[in-house]
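**Student:** Here it is, the structure in full.
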Amino acid sequence: MLNRTSYGTQVPALLAPSPENGDKRTVRSEVVKVLRHRRTDRGMRLEEFASRCVRQGELHELVTTDHLETEEGSRIDRVGFLGFVEISVSGVLDRGDIVLVDGEPIGTLLGFDACHFPNHYNVLIHTAWTLTGPEAGLRPGSQVSFRPPPPTDGDPGTGRP
């Protein structure tokens with residue numbers, strides 16, 4: 001039995017997307033390595049950037065956390081390691097994106113830690129509790145997507161006064 005999240009089929013909008021964000025396509029990736037450990041003293045630091053571009057073929061590490069801080073430099077200690085993904089459809093990852101594993105939502109993109117960059121980013125995902133790869137049902141070949149949240153106001157505006 002999978003222990004993905006307490007969210008069920010809907011992920012709450014805990015991290016409001018920036019009003020500057022326009023429409024975008026879903027970023028898609030595939031798991032290449034599953035990780036199975038967690039820590040309560042990891043000491044990751046949240047990058048100042050709420051978005052990062054990712055290219056096809058890049059590898060990035062997915063990390064879950066129950067932290068909600070979004071201030072630059074926020075310390076992220078409680079983490080569960082999901083695994084590494086290879087980007088198959090490039091695009092822009094934004095804070096607030098819904099993260100799906102094989103089509104099922106598991107959390108919301110919180111931000112990025114760059115302690116291993118330029119090798120890879122740690123992509124921080126807010127979940128109800130820290131999940132590891134096996135707890136999230138990950139296996140090599142699992143599909144992980146980063147989908148923009150649904151629009152909140154329905155009117156993107158014209159950009160003119």
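Letters for chains follow the order of the structure tokens (A, B, ...), residue numbers begin at 1 for each chain, and ligand numbers begin at 1 in the order shown.
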Do a neighbour search on Glu86 in chain A at 10 Å with only C-alpha atoms, toss out local chain neighbours closer than 2 positions, and write the hits as a count of residues only.

**Tutor:** 21

**Student:** Can you tell me which residues surround Cys115 in chain A at a distance of at most 12 Å, considering only C-alpha atoms, apart from same-chain residues fewer than 2 positions away, and format the answer as a short mmCIF file (atom, residue, chain, number, x, y, z; two decimals) with N, CA, C and O atoms, in the first residue's frame?

**Tutor:**
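Here's the written file result24.cif:
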data_model
loop_
_atom_site.label_atom_id
_atom_site.label_comp_id
_atom_site.auth_asym_id
_atom_site.auth_seq_id
_atom_site.Cartn_x
_atom_site.Cartn_y
_atom_site.Cartn_z
N ARG A 42 19.03 18.22 8.22
CA ARG A 42 19.70 18.32 6.91
C ARG A 42 20.35 19.67 6.67
O ARG A 42 21.40 19.77 6.07
N GLY A 43 19.73 20.76 7.10
CA GLY A 43 20.36 22.07 6.94
C GLY A 43 20.39 22.60 5.51
O GLY A 43 21.28 23.38 5.16
N MET A 44 19.42 22.23 4.69
CA MET A 44 19.34 22.83 3.36
C MET A 44 18.94 24.29 3.51
O MET A 44 18.32 24.67 4.51
N ARG A 45 19.29 25.09 2.53
CA ARG A 45 18.95 26.52 2.54
C ARG A 45 18.12 26.84 1.30
O ARG A 45 18.53 26.53 0.18
N LEU A 46 16.99 27.47 1.52
CA LEU A 46 16.10 27.81 0.41
C LEU A 46 16.71 28.93 -0.42
O LEU A 46 17.11 29.97 0.11
N GLU A 47 16.81 28.69 -1.71
CA GLU A 47 17.32 29.69 -2.65
C GLU A 47 16.35 30.87 -2.72
O GLU A 47 15.16 30.73 -2.46
N GLU A 61 17.41 16.21 -7.96
CA GLU A 61 17.01 15.41 -6.80
C GLU A 61 15.71 15.95 -6.22
O GLU A 61 15.58 17.17 -6.03
N GLY A 73 17.00 31.77 2.20
CA GLY A 73 17.90 31.32 3.25
C GLY A 73 17.24 30.51 4.35
O GLY A 73 17.93 30.05 5.26
N PHE A 112 13.97 25.61 -3.97
CA PHE A 112 15.17 24.94 -4.43
C PHE A 112 16.31 25.16 -3.45
O PHE A 112 16.44 26.21 -2.85
N ASP A 113 17.13 24.12 -3.30
CA ASP A 113 18.39 24.21 -2.56
C ASP A 113 19.48 23.91 -3.57
O ASP A 113 19.37 22.96 -4.35
N PHE A 117 24.61 22.32 -6.77
CA PHE A 117 24.64 22.94 -8.08
C PHE A 117 26.07 23.31 -8.44
O PHE A 117 26.81 23.73 -7.56
N PRO A 118 26.53 23.13 -9.68
CA PRO A 118 25.79 22.92 -10.92
C PRO A 118 25.50 21.45 -11.25
O PRO A 118 24.89 21.16 -12.28
N ASN A 119 25.89 20.52 -10.39
CA ASN A 119 25.59 19.11 -10.66
C ASN A 119 24.09 18.87 -10.74
O ASN A 119 23.60 18.25 -11.68
N HIS A 120 23.35 19.37 -9.74
CA HIS A 120 21.89 19.25 -9.72
C HIS A 120 21.31 20.15 -8.65
O HIS A 120 22.00 20.58 -7.74
N TYR A 121 20.02 20.46 -8.79
CA TYR A 121 19.27 21.15 -7.74
C TYR A 121 18.61 20.11 -6.85
O TYR A 121 18.25 19.02 -7.30
N ASN A 122 18.43 20.46 -5.58
CA ASN A 122 17.49 19.76 -4.72
C ASN A 122 16.17 20.49 -4.91
O ASN A 122 16.07 21.68 -4.58
N VAL A 123 15.18 19.81 -5.47
CA VAL A 123 13.86 20.39 -5.68
C VAL A 123 13.04 20.05 -4.45
O VAL A 123 12.77 18.87 -4.18
#

**Student:** Which residue is closest to Arg139 in chain A? Choose from A:Val85, A:Arg52, A:His67, A:Thr108 and count only C-alpha atoms.

**Tutor:**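 The closest residue to Arg139 in chain A is A:Val85.
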
**Student:** Any idea what's packed within 10 Å of Gly103 in chain A, counting only C-alpha atoms, ignoring anything in its chain fewer than 3 positions away? Could you give it as a PyMOL selection string?

**Tutor:** chain A and resi 9+99-100+106+142-145

**Student:** For Leu110 in chain A, find every residue with an atom within 8 Å (counting only C-alpha atoms), except residues of its own chain fewer than 4 positions away, and show them as a list in words.

**Tutor:**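 Here the answer would be Leu15, Leu68, Thr70, Arg95, Gly96, Val123, Leu124, Ile125 and His126 of chain A.
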
**Student:** What are the DSSP strand (DSSP E) residues of chain A, as a ChimeraX atom specification?

**Tutor:** /A:27-34,38-39,44-45,51-54,59-65,75-76,79-89,91-94,98-101,104-113,122-126,143-147

**Student:** Report, in Å with one decimal, the straight-line distance from CA of Phe146 in chain A to CA of Ile98 in chain A.

**Tutor:** 5.6 Å

**Student:** Which residue out of A:Leu62, A:Asp23, A:Ala114, A:Glu71 has the minimum interatomic distance to Gly133 in chain A when only C-alpha atoms are used?

**Tutor:** A:Leu62

**Student:** Between A:Thr40, A:Ile87, A:Leu109, A:Leu93, single out the one closest to Arg75 in chain A, counting only C-alpha atoms.

**Tutor:** A:Thr40
